[in-house]
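Next comes data-v3.csv, with CSV, C-alpha atoms and all ligand atoms.
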chain,number,residue,atom,x,y,z
A,839,MET,CA,115.2,78.0,83.5
A,840,LYS,CA,113.5,77.0,80.3
A,841,LYS,CA,112.5,79.6,77.7
A,842,SER,CA,108.8,79.0,78.3
A,843,GLU,CA,109.4,79.6,82.1
A,844,GLN,CA,111.3,82.8,81.4
A,845,ASP,CA,108.4,84.0,79.3
A,846,SER,CA,106.0,83.2,82.2
A,847,VAL,CA,108.2,85.1,84.7
A,848,ALA,CA,108.5,88.1,82.3
A,849,PHE,CA,104.7,88.1,81.9
A,850,LEU,CA,104.1,88.3,85.7
A,851,GLN,CA,106.7,91.1,85.9
A,852,ASP,CA,104.8,93.0,83.2
A,853,LEU,CA,101.6,92.7,85.2
A,854,LEU,CA,103.2,93.9,88.4
A,855,ARG,CA,104.5,97.0,86.6
A,856,ILE,CA,100.9,98.0,85.9
A,857,ASP,CA,99.1,99.9,88.7
A,858,SER,CA,95.6,98.4,89.1
A,859,THR,CA,95.0,99.7,92.6
A,860,ASN,CA,91.4,99.8,93.8
A,861,PRO,CA,90.2,102.3,94.8
A,862,PRO,CA,90.1,104.2,92.4
A,863,GLY,CA,89.7,101.0,90.4
A,864,ASP,CA,90.9,101.0,86.8
A,865,GLU,CA,92.0,97.6,85.5
A,866,SER,CA,91.9,98.5,81.8
A,867,ILE,CA,95.7,98.6,81.1
A,868,LEU,CA,96.2,95.3,83.0
A,869,ARG,CA,93.3,93.8,81.1
A,870,ASP,CA,94.8,94.7,77.8
A,871,LYS,CA,98.1,93.3,78.8
A,872,ILE,CA,96.5,89.9,79.8
A,873,ARG,CA,94.5,89.9,76.6
A,874,GLN,CA,97.6,90.5,74.4
A,875,ARG,CA,99.3,87.6,76.1
A,876,ALA,CA,96.2,85.4,75.7
A,877,LEU,CA,96.0,86.1,72.0
A,878,LEU,CA,99.7,85.3,71.6
A,879,LEU,CA,99.0,82.0,73.3
A,880,ASN,CA,96.3,81.3,70.7
A,881,LEU,CA,93.4,81.6,73.2
A,882,GLU,CA,90.1,83.3,72.5
A,883,THR,CA,89.2,86.4,74.5
A,884,GLU,CA,86.1,88.4,75.2
A,885,VAL,CA,85.9,91.8,77.0
A,886,GLN,CA,82.8,91.5,79.2
A,887,SER,CA,81.6,95.0,79.9
A,888,VAL,CA,80.5,95.5,83.6
A,889,ASN,CA,79.6,99.2,83.4
A,890,LYS,CA,80.8,102.1,81.3
A,891,ASP,CA,84.2,102.2,82.9
A,892,ARG,CA,84.9,98.6,83.9
A,893,ALA,CA,85.1,95.3,82.2
A,894,ASN,CA,86.0,91.7,83.1
A,895,LEU,CA,88.2,89.7,80.7
A,896,ILE,CA,87.1,86.2,79.6
A,897,VAL,CA,89.7,83.9,78.1
A,898,LYS,CA,88.6,80.7,76.5
A,899,LEU,CA,90.3,77.5,75.4
A,900,LYS,CA,87.4,75.8,73.6
A,901,GLY,CA,86.9,72.1,73.9
A,902,ASN,CA,84.5,70.0,71.9
A,903,GLY,CA,81.7,70.9,74.3
A,904,ASN,CA,81.0,67.3,75.4
A,905,LYS,CA,82.0,67.9,79.0
A,906,PRO,CA,81.2,70.6,81.6
A,907,SER,CA,83.7,73.4,81.5
A,908,LEU,CA,86.4,74.1,84.1
A,909,ILE,CA,86.5,77.7,85.3
A,910,PHE,CA,89.7,79.6,86.4
A,911,CYS,CA,89.0,82.8,88.2
A,912,GLY,CA,91.1,85.7,89.5
A,913,HIS,CA,90.7,89.4,90.2
A,914,MET,CA,92.7,92.0,88.4
A,915,ASP,CA,92.6,94.8,91.0
A,916,THR,CA,94.9,95.2,94.0
A,917,VAL,CA,94.7,97.2,97.2
A,918,GLY,CA,96.8,100.4,97.5
A,919,VAL,CA,100.5,100.3,98.4
A,920,GLY,CA,99.8,101.8,101.9
A,921,ARG,CA,101.8,104.3,103.8
A,922,SER,CA,104.7,102.1,105.0
A,923,ARG,CA,107.9,102.3,103.1
A,924,TRP,CA,108.6,99.5,100.7
A,925,THR,CA,112.2,98.2,100.2
A,926,PHE,CA,111.4,97.5,96.6
A,927,ASP,CA,109.4,99.7,94.2
A,928,PRO,CA,105.8,98.3,94.5
A,929,PHE,CA,105.4,98.5,90.7
A,930,SER,CA,108.8,97.2,89.6
A,931,GLY,CA,108.4,93.4,89.6
A,932,GLU,CA,112.0,93.3,90.8
A,933,ILE,CA,113.4,89.8,91.5
A,934,SER,CA,115.8,89.4,94.5
A,935,GLU,CA,116.9,86.0,95.9
A,936,GLY,CA,114.2,84.1,94.1
A,937,LYS,CA,111.4,86.5,95.2
A,938,MET,CA,109.4,88.7,92.9
A,939,TYR,CA,108.2,91.9,94.6
A,940,GLY,CA,105.3,94.1,93.8
A,941,ARG,CA,101.7,95.0,94.9
A,942,GLY,CA,99.6,92.1,93.8
A,943,ALA,CA,102.6,89.6,93.7
A,944,SER,CA,100.7,87.4,96.1
A,945,ASP,CA,97.2,88.8,95.9
A,946,MET,CA,96.8,87.9,93.1
A,947,LYS,CA,98.5,88.7,89.9
A,948,SER,CA,100.8,85.6,90.3
A,949,GLY,CA,97.8,83.3,90.4
A,950,LEU,CA,96.1,85.1,87.5
A,951,ALA,CA,99.2,84.9,85.4
A,952,ALA,CA,99.8,81.3,86.3
A,953,MET,CA,96.3,80.3,85.2
A,954,LEU,CA,96.8,82.0,81.8
A,955,GLU,CA,100.2,80.4,81.4
A,956,ALA,CA,98.7,77.0,82.2
A,957,MET,CA,96.0,77.6,79.5
A,958,GLY,CA,98.7,78.5,77.0
A,959,ARG,CA,100.6,75.3,77.8
A,960,ILE,CA,97.5,73.1,77.5
A,961,ARG,CA,96.7,74.8,74.2
A,962,LYS,CA,100.1,74.1,72.8
A,963,ASN,CA,100.1,70.5,73.9
A,964,SER,CA,96.6,69.6,72.7
A,965,ARG,CA,95.6,68.9,69.2
A,966,GLY,CA,91.8,69.5,69.1
A,967,HIS,CA,91.3,68.2,72.6
A,968,GLU,CA,88.3,66.1,73.5
A,969,PHE,CA,87.2,67.9,76.6
A,970,GLY,CA,85.0,70.8,77.6
A,971,ASP,CA,85.9,74.4,77.7
A,972,LEU,CA,88.6,75.8,79.9
A,973,ILE,CA,87.6,79.4,80.8
A,974,LEU,CA,89.5,82.1,82.7
A,975,VAL,CA,87.3,84.8,84.2
A,976,ALA,CA,89.5,87.8,85.2
A,977,THR,CA,87.3,90.0,87.3
A,978,VAL,CA,87.3,93.7,88.3
A,979,GLY,CA,86.6,95.2,91.6
A,980,GLU,CA,87.1,92.3,94.0
A,981,GLU,CA,89.0,94.4,96.6
A,982,VAL,CA,86.0,96.7,97.1
A,983,ASP,CA,82.7,95.0,96.4
A,984,CYS,CA,83.2,92.1,94.0
A,985,LEU,CA,81.7,94.2,91.2
A,986,GLY,CA,83.0,92.0,88.4
A,987,ALA,CA,81.9,88.7,90.0
A,988,LYS,CA,78.4,90.1,90.7
A,989,HIS,CA,78.1,90.9,87.0
A,990,ALA,CA,79.6,87.6,85.7
A,991,VAL,CA,77.0,85.5,87.6
A,992,LYS,CA,74.3,87.3,85.5
A,993,THR,CA,75.9,86.3,82.2
A,994,ASP,CA,76.1,82.8,80.5
A,995,VAL,CA,79.8,82.3,81.3
A,996,PHE,CA,79.2,79.8,84.0
A,997,ASP,CA,76.3,78.0,82.2
A,998,ARG,CA,78.2,74.8,81.5
A,999,ALA,CA,80.6,75.0,84.4
A,1000,GLY,CA,81.4,71.8,86.4
A,1001,ALA,CA,84.0,73.2,88.8
A,1002,MET,CA,86.0,76.3,89.6
A,1003,VAL,CA,89.5,77.3,90.9
A,1004,ILE,CA,90.1,80.8,92.3
A,1005,ALA,CA,93.8,81.7,92.3
A,1006,GLU,CA,93.8,83.7,95.6
A,1007,PRO,CA,97.0,83.3,97.7
A,1008,SER,CA,96.6,79.9,99.5
A,1009,ASN,CA,100.2,79.1,100.4
A,1010,ARG,CA,99.8,76.3,97.9
A,1011,GLU,CA,97.1,74.6,99.9
A,1012,VAL,CA,93.7,73.6,98.6
A,1013,VAL,CA,91.3,75.9,100.3
A,1014,ILE,CA,87.6,74.8,100.3
A,1015,THR,CA,86.0,77.1,102.8
A,1016,HIS,CA,86.2,80.7,103.9
A,1017,LYS,CA,84.2,83.1,106.1
A,1018,GLY,CA,81.3,85.3,104.9
A,1019,ALA,CA,81.1,89.0,105.6
A,1020,LEU,CA,78.1,90.9,106.8
A,1021,TRP,CA,78.7,94.7,107.0
A,1022,LEU,CA,76.1,96.8,108.7
A,1023,LYS,CA,75.5,100.5,109.2
A,1024,ILE,CA,73.4,101.0,112.3
A,1025,THR,CA,71.8,104.4,112.9
A,1026,THR,CA,70.2,105.4,116.2
A,1027,TYR,CA,67.8,108.4,116.5
A,1028,GLY,CA,67.1,110.6,119.5
A,1029,LYS,CA,66.0,114.2,120.2
A,1030,THR,CA,68.2,117.2,120.8
A,1031,SER,CA,68.1,119.4,123.9
A,1032,HIS,CA,70.5,121.6,125.8
A,1033,ALA,CA,73.1,119.4,127.6
A,1034,SER,CA,72.2,121.2,130.9
A,1035,MET,CA,68.7,119.7,130.6
A,1036,PRO,CA,69.3,116.3,129.1
A,1037,GLU,CA,65.9,115.1,130.5
A,1038,TYR,CA,64.2,117.0,127.7
A,1039,GLY,CA,66.2,115.1,125.0
A,1040,ILE,CA,66.8,111.5,123.9
A,1041,ASN,CA,70.5,110.7,123.6
A,1042,ALA,CA,71.2,108.8,120.4
A,1043,VAL,CA,74.8,108.0,121.5
A,1044,ASP,CA,73.5,106.4,124.7
A,1045,GLY,CA,71.2,104.3,122.6
A,1046,MET,CA,74.2,103.2,120.4
A,1047,SER,CA,76.3,102.3,123.5
A,1048,LYS,CA,73.5,99.9,124.5
A,1049,ILE,CA,73.7,98.3,121.0
A,1050,MET,CA,77.4,98.1,121.3
A,1051,ALA,CA,77.1,96.2,124.6
A,1052,LEU,CA,74.6,93.9,122.9
A,1053,LEU,CA,76.9,93.1,120.0
A,1054,ASN,CA,79.8,92.5,122.4
A,1055,GLU,CA,77.7,90.1,124.5
A,1056,ASN,CA,78.2,87.5,121.6
A,1057,PHE,CA,74.5,87.3,121.4
A,1058,PHE,CA,74.4,85.8,117.9
A,1059,SER,CA,76.2,82.6,118.7
A,1060,LEU,CA,79.8,83.8,118.5
A,1061,ASP,CA,80.5,80.7,120.5
A,1062,LYS,CA,80.0,78.7,117.3
A,1063,LYS,CA,83.1,77.1,116.0
A,1064,ASN,CA,84.1,75.6,112.7
A,1065,LYS,CA,86.8,73.0,112.3
A,1066,LEU,CA,88.6,74.8,109.5
A,1067,LEU,CA,87.6,78.4,110.2
A,1068,GLY,CA,87.6,78.8,114.0
A,1069,ARG,CA,85.2,81.3,115.4
A,1070,PRO,CA,83.2,84.1,113.8
A,1071,THR,CA,84.4,87.6,114.6
A,1072,ILE,CA,82.9,91.1,115.0
A,1073,ASN,CA,84.6,94.5,114.6
A,1074,ILE,CA,83.0,97.8,115.3
A,1075,GLY,CA,84.9,99.9,112.6
A,1076,THR,CA,83.5,103.4,112.8
A,1077,ILE,CA,81.2,105.4,115.1
A,1078,ARG,CA,80.1,109.0,114.7
A,1079,GLY,CA,77.5,110.9,116.7
A,1080,GLY,CA,76.4,114.3,118.0
A,1081,ILE,CA,77.1,117.9,116.9
A,1082,GLN,CA,78.8,119.5,119.8
A,1083,THR,CA,79.6,118.9,123.5
A,1084,ASN,CA,76.7,120.9,125.0
A,1085,VAL,CA,74.0,119.4,122.9
A,1086,VAL,CA,72.2,116.1,123.4
A,1087,PRO,CA,72.8,114.2,120.2
A,1088,ASP,CA,69.9,113.2,118.1
A,1089,GLN,CA,71.7,110.9,115.7
A,1090,CYS,CA,74.5,108.3,115.9
A,1091,GLU,CA,76.0,106.1,113.2
A,1092,MET,CA,78.1,103.0,113.6
A,1093,THR,CA,79.5,100.5,111.0
A,1094,VAL,CA,80.1,96.9,112.0
A,1095,ASP,CA,81.9,94.1,110.2
A,1096,ILE,CA,80.8,90.6,111.1
A,1097,ARG,CA,82.7,87.6,109.7
A,1098,THR,CA,80.5,84.6,109.7
A,1099,LEU,CA,80.8,80.8,109.4
A,1100,PRO,CA,79.0,78.5,107.0
A,1101,GLU,CA,76.8,77.3,109.8
A,1102,MET,CA,75.4,80.9,110.4
A,1103,ASP,CA,72.6,82.5,108.4
A,1104,HIS,CA,72.9,86.2,107.7
A,1105,GLN,CA,69.2,86.8,107.6
A,1106,GLN,CA,68.8,85.1,111.0
A,1107,ILE,CA,71.7,87.2,112.5
A,1108,LEU,CA,69.9,90.4,111.3
A,1109,SER,CA,66.5,89.5,112.5
A,1110,HIS,CA,67.9,88.4,115.9
A,1111,LEU,CA,69.7,91.7,116.2
A,1112,GLU,CA,66.6,93.7,115.3
A,1113,ARG,CA,64.5,91.8,117.9
A,1114,LYS,CA,67.1,92.5,120.6
A,1115,ILE,CA,67.3,96.2,119.8
A,1116,ASP,CA,63.5,96.4,119.6
A,1117,GLU,CA,63.4,95.1,123.2
A,1118,LEU,CA,65.6,98.0,124.3
A,1119,GLY,CA,63.0,100.5,122.9
A,1120,ILE,CA,65.6,102.4,120.8
A,1121,ARG,CA,64.7,104.1,117.6
A,1122,TYR,CA,67.1,102.9,114.9
A,1123,LYS,CA,67.7,101.8,111.3
A,1124,ILE,CA,70.0,99.1,109.9
A,1125,ASP,CA,71.4,99.2,106.4
A,1126,VAL,CA,73.2,96.2,105.0
A,1127,LEU,CA,76.3,97.5,103.3
A,1128,HIS,CA,77.8,94.1,102.3
A,1129,ASP,CA,76.3,90.7,102.4
A,1130,LEU,CA,78.8,88.0,101.3
A,1131,ALA,CA,78.2,84.4,101.9
A,1132,PRO,CA,80.8,82.0,103.3
A,1133,LEU,CA,82.3,79.5,100.9
A,1134,ASP,CA,81.6,75.9,102.0
A,1135,THR,CA,82.8,73.3,99.5
A,1136,LYS,CA,82.6,69.8,100.9
A,1137,PRO,CA,85.9,68.1,101.6
A,1138,ASN,CA,84.7,64.8,100.1
A,1139,ASN,CA,83.8,66.3,96.8
A,1140,ASP,CA,85.5,64.6,93.9
A,1141,PHE,CA,87.1,67.8,92.5
A,1142,VAL,CA,88.5,68.6,95.9
A,1143,LYS,CA,90.1,65.2,96.1
A,1144,LYS,CA,91.6,65.6,92.7
A,1145,ALA,CA,93.0,69.0,93.7
A,1146,VAL,CA,94.5,67.6,96.9
A,1147,SER,CA,96.1,64.7,95.1
A,1148,VAL,CA,97.6,66.9,92.3
A,1149,ASN,CA,98.9,69.2,95.0
A,1150,GLU,CA,100.6,66.3,96.7
A,1151,GLN,CA,102.3,65.3,93.5
A,1152,ILE,CA,103.5,68.8,92.8
A,1153,THR,CA,104.7,69.8,96.2
A,1154,GLY,CA,105.8,66.3,97.3
A,1155,ARG,CA,104.2,66.9,100.7
A,1156,LYS,CA,101.0,65.7,102.4
A,1157,SER,CA,98.0,68.1,101.8
A,1158,SER,CA,94.5,68.4,103.2
A,1159,PRO,CA,91.7,70.8,102.5
A,1160,GLN,CA,92.0,74.1,104.4
A,1161,GLY,CA,90.0,77.2,105.4
A,1162,ILE,CA,90.8,80.9,105.2
A,1163,ASN,CA,89.4,84.0,107.0
A,1164,PHE,CA,89.0,86.5,104.1
A,1165,TYR,CA,86.3,86.4,101.5
A,1166,THR,CA,86.8,86.1,97.7
A,1167,ASP,CA,84.8,86.3,94.5
A,1168,GLY,CA,83.7,82.8,95.5
A,1169,SER,CA,81.2,84.4,98.0
A,1170,ILE,CA,79.2,85.8,95.1
A,1171,ILE,CA,79.6,82.8,92.8
A,1172,CYS,CA,78.7,80.2,95.4
A,1173,GLN,CA,75.4,82.0,96.1
A,1174,HIS,CA,74.3,81.7,92.5
A,1175,LYS,CA,76.0,78.5,91.2
A,1176,ALA,CA,76.1,75.0,92.5
A,1177,PHE,CA,79.5,73.7,91.2
A,1178,PRO,CA,82.4,73.0,93.6
A,1179,ILE,CA,84.8,75.9,94.1
A,1180,VAL,CA,88.4,75.6,95.5
A,1181,ILE,CA,91.0,78.2,96.1
A,1182,TYR,CA,94.6,77.6,95.1
A,1183,GLY,CA,97.3,80.1,94.4
A,1184,PRO,CA,101.1,80.5,94.6
A,1185,GLY,CA,100.9,83.6,96.8
A,1186,GLU,CA,101.2,83.7,100.6
A,1187,ARG,CA,98.1,84.7,102.5
A,1188,GLU,CA,100.1,86.6,105.1
A,1189,LEU,CA,101.6,88.9,102.5
A,1190,ALA,CA,98.3,90.0,101.0
A,1191,HIS,CA,97.8,93.7,101.5
A,1192,GLN,CA,101.2,94.0,103.2
A,1193,PRO,CA,104.2,96.2,102.3
A,1194,ASN,CA,107.0,94.3,100.4
A,1195,GLU,CA,104.5,91.8,99.0
A,1196,PHE,CA,106.3,89.2,97.0
A,1197,VAL,CA,105.8,85.8,95.4
A,1198,GLU,CA,108.5,83.1,95.2
A,1199,VAL,CA,109.3,82.6,91.6
A,1200,ASP,CA,109.6,78.8,92.0
A,1201,LYS,CA,106.2,78.6,93.6
A,1202,TYR,CA,104.7,80.7,90.8
A,1203,LEU,CA,106.2,78.3,88.2
A,1204,GLN,CA,105.0,75.2,90.2
A,1205,SER,CA,101.5,76.6,90.4
A,1206,ILE,CA,101.4,76.6,86.5
A,1207,ASP,CA,102.1,72.9,86.7
A,1208,PHE,CA,99.3,72.5,89.3
A,1209,TYR,CA,96.7,74.2,87.0
A,1210,VAL,CA,97.8,72.1,84.0
A,1211,ARG,CA,97.7,68.8,85.9
A,1212,LEU,CA,94.4,69.7,87.7
A,1213,THR,CA,92.8,70.4,84.3
A,1214,GLU,CA,94.0,67.1,82.9
A,1215,ALA,CA,92.7,65.3,86.0
A,1216,TYR,CA,89.4,67.1,85.9
A,1217,PHE,CA,88.7,66.3,82.2
A,1218,GLN,CA,89.9,62.8,82.5
A,1219,ASP,CA,86.7,61.4,83.9
A,1220,VAL,CA,84.0,64.1,84.2
B,1301,ZN,ZN,92.6,88.8,96.5
Translate this file's structure into structure tokens.
Amino acid sequence: MKKSEQDSVAFLQDLLRIDSTNPPGDESILRDKIRQRALLLNLETEVQSVNKDRANLIVKLKGNGNKPSLIFCGHMDTVGVGRSRWTFDPFSGEISEGKMYGRGASDMKSGLAAMLEAMGRIRKNSRGHEFGDLILVATVGEEVDCLGAKHAVKTDVFDRAGAMVIAEPSNREVVITHKGALWLKITTYGKTSHASMPEYGINAVDGMSKIMALLNENFFSLDKKNKLLGRPTINIGTIRGGIQTNVVPDQCEMTVDIRTLPEMDHQQILSHLERKIDELGIRYKIDVLHDLAPLDTKPNNDFVKKAVSVNEQITGRKSSPQGINFYTDGSIICQHKAFPIVIYGPGERELAHQPNEFVEVDKYLQSIDFYVRLTEAYFQDV
């Protein structure tokens, strides 16, 4: 392994040794580590404050400003280690048989590290390059509510952007589409009475069971299908109602997670649901907890074609644009910005949020090549 590759591997190990679990959500030590490395690679950095406790990190390789910038994006937080036992310490960055283990190895410290390493390499090889800015946006809070991305779209960081890559685990495929998420809290209201005389009360749990039946009837076109994403899904996650067994409950709450396709409109789903519940004559309220749009970059987009072709050169195998089920910071960004977004990272999707999460060291190093070559291809003729 070359010295530069050894450094890249050691850098990822350093990141995996830092706990940036969310919740509770504190990326500050990780952010400082990435910033130190960026400065060492002669890149410019800016700490972009999101609120009093949290901050995104912006790393820049400045071009001459003549061409639109290329954005790299990745989140710094990870989910918790979970209750299952790990064979390797989740904060060790231990390497065994070519695999580096740790929480975030796939999702997505490997992608984040590879993007920074690619920027360092481009910086080293370029003498006052002729292209636009290359910008890495390292976000906070993606695993909970995309807090960092929501803030970043309100700043000027994307103002001159022409395209974006998000380094989420993609099994080294170019991903152009993913599902959206609509999380609802539905509350039904009734009237209490003694359970021996239910006719004097209105049962809020009964009302909710009718709404559950409605949801399960696939009434909002769950028969829709997308070539890359399959079908939309719905999950009733929690339900809570009533005070005690011998009282007719006057309130019931349920949370629902709907994963949508690009051909579905969240506002339409909501108004359709409201209309159907109104017809049942139930007293209710709906709160939208999460409203994240699907990502829908077109396969014939120029940037997508470049990404696919670079991927074929790097991996030596045929590649075509893919879809994934889970959402990313791309949900937020595509709602505000019109540039094409693709997802590409060295991690394996199936390992995200799992015990014994790892990334293959070879794939991590190859993904650095991918980001370097994609940058070159992008700036060649934009
Ligand atoms: Zn992720």
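Pairwise distance (atom CA of A:Lys871, atom CA of A:Glu1195) equals 21.2 Å.
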* Tell me, in Å to one decimal, how far atom CA of A:Val888 is from atom CA of A:Thr993. => 10.4 Å
* Could you pull the residues within 10 Å of A:Cys984, counting all atoms listed in the file, minus those fewer than 6 positions along the same chain, as a list in words? -> His913, Thr977, Val978, Leu1130, Tyr1165, Thr1166, Asp1167, Gly1168, Ser1169 and Ile1170 of chain A
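Every residue having at least one atom no farther than 8 Å from ligand ZN 1301 (chain B) is included below, with only C-alpha atoms and all ligand atoms taken into account: Gly912, His913, Thr916, Asp945, Met946, Glu980, Glu981, Glu1006, Pro1007, Thr1166 and Ala1190 of chain A.
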Could you take the residues named above and write them with C-alpha atoms, as an mmCIF file, in the frame of the given file?
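Result file selection-v6.cif:
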data_model
loop_
_atom_site.group_PDB
_atom_site.id
_atom_site.type_symbol
_atom_site.label_atom_id
_atom_site.label_comp_id
_atom_site.auth_asym_id
_atom_site.auth_seq_id
_atom_site.Cartn_x
_atom_site.Cartn_y
_atom_site.Cartn_z
ATOM 1 C CA GLY A 912 91.100 85.700 89.500
ATOM 2 C CA HIS A 913 90.700 89.400 90.200
ATOM 3 C CA THR A 916 94.900 95.200 94.000
ATOM 4 C CA ASP A 945 97.200 88.800 95.900
ATOM 5 C CA MET A 946 96.800 87.900 93.100
ATOM 6 C CA GLU A 980 87.100 92.300 94.000
ATOM 7 C CA GLU A 981 89.000 94.400 96.600
ATOM 8 C CA GLU A 1006 93.800 83.700 95.600
ATOM 9 C CA PRO A 1007 97.000 83.300 97.700
ATOM 10 C CA THR A 1166 86.800 86.100 97.700
ATOM 11 C CA ALA A 1190 98.300 90.000 101.000
#
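For the pair atom CA of A:Asp1125 and atom CA of A:Pro1070, the interatomic distance is 20.5 Å.
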* To do: Show which residues sit within 12 Å of A:Arg1155, as a PyMOL selection string. Count only C-alpha atoms, and ignore same-chain residues fewer than 6 positions away.
  => chain A and resi 1010-1011+1146-1149
How about completing stretch 1146-1157 of chain A with N, CA and C atoms and giving it to me as a PDB file, in the frame of the given file?
ATOM      1  N   VAL A1146      93.627  68.021  95.776  1.00  0.00           N
ATOM      2  CA  VAL A1146      94.500  67.600  96.900  1.00  0.00           C
ATOM      3  C   VAL A1146      95.591  66.669  96.342  1.00  0.00           C
ATOM      4  N   SER A1147      95.161  65.704  95.533  1.00  0.00           N
ATOM      5  CA  SER A1147      96.100  64.700  95.100  1.00  0.00           C
ATOM      6  C   SER A1147      97.120  65.333  94.073  1.00  0.00           C
ATOM      7  N   VAL A1148      96.663  66.224  93.196  1.00  0.00           N
ATOM      8  CA  VAL A1148      97.600  66.900  92.300  1.00  0.00           C
ATOM      9  C   VAL A1148      98.574  67.756  93.106  1.00  0.00           C
ATOM     10  N   ASN A1149      98.074  68.410  94.132  1.00  0.00           N
ATOM     11  CA  ASN A1149      98.900  69.200  95.000  1.00  0.00           C
ATOM     12  C   ASN A1149     100.023  68.407  95.653  1.00  0.00           C
ATOM     13  N   GLU A1150      99.649  67.210  96.087  1.00  0.00           N
ATOM     14  CA  GLU A1150     100.600  66.300  96.700  1.00  0.00           C
ATOM     15  C   GLU A1150     101.716  65.908  95.732  1.00  0.00           C
ATOM     16  N   GLN A1151     101.300  65.640  94.487  1.00  0.00           N
ATOM     17  CA  GLN A1151     102.300  65.300  93.500  1.00  0.00           C
ATOM     18  C   GLN A1151     103.249  66.442  93.201  1.00  0.00           C
ATOM     19  N   ILE A1152     102.710  67.640  93.124  1.00  0.00           N
ATOM     20  CA  ILE A1152     103.500  68.800  92.800  1.00  0.00           C
ATOM     21  C   ILE A1152     104.467  69.211  93.892  1.00  0.00           C
ATOM     22  N   THR A1153     103.929  69.265  95.102  1.00  0.00           N
ATOM     23  CA  THR A1153     104.700  69.800  96.200  1.00  0.00           C
ATOM     24  C   THR A1153     105.532  68.696  96.914  1.00  0.00           C
ATOM     25  N   GLY A1154     105.134  67.450  96.697  1.00  0.00           N
ATOM     26  CA  GLY A1154     105.800  66.300  97.300  1.00  0.00           C
ATOM     27  C   GLY A1154     105.553  66.291  98.848  1.00  0.00           C
ATOM     28  N   ARG A1155     104.503  66.946  99.300  1.00  0.00           N
ATOM     29  CA  ARG A1155     104.200  66.900 100.700  1.00  0.00           C
ATOM     30  C   ARG A1155     102.684  66.568 100.895  1.00  0.00           C
ATOM     31  N   LYS A1156     102.341  66.067 102.053  1.00  0.00           N
ATOM     32  CA  LYS A1156     101.000  65.700 102.400  1.00  0.00           C
ATOM     33  C   LYS A1156     100.103  67.011 102.380  1.00  0.00           C
ATOM     34  N   SER A1157      98.896  66.906 101.879  1.00  0.00           N
ATOM     35  CA  SER A1157      98.000  68.100 101.800  1.00  0.00           C
ATOM     36  C   SER A1157      96.638  67.712 102.250  1.00  0.00           C
TER      37      SER A1157
END
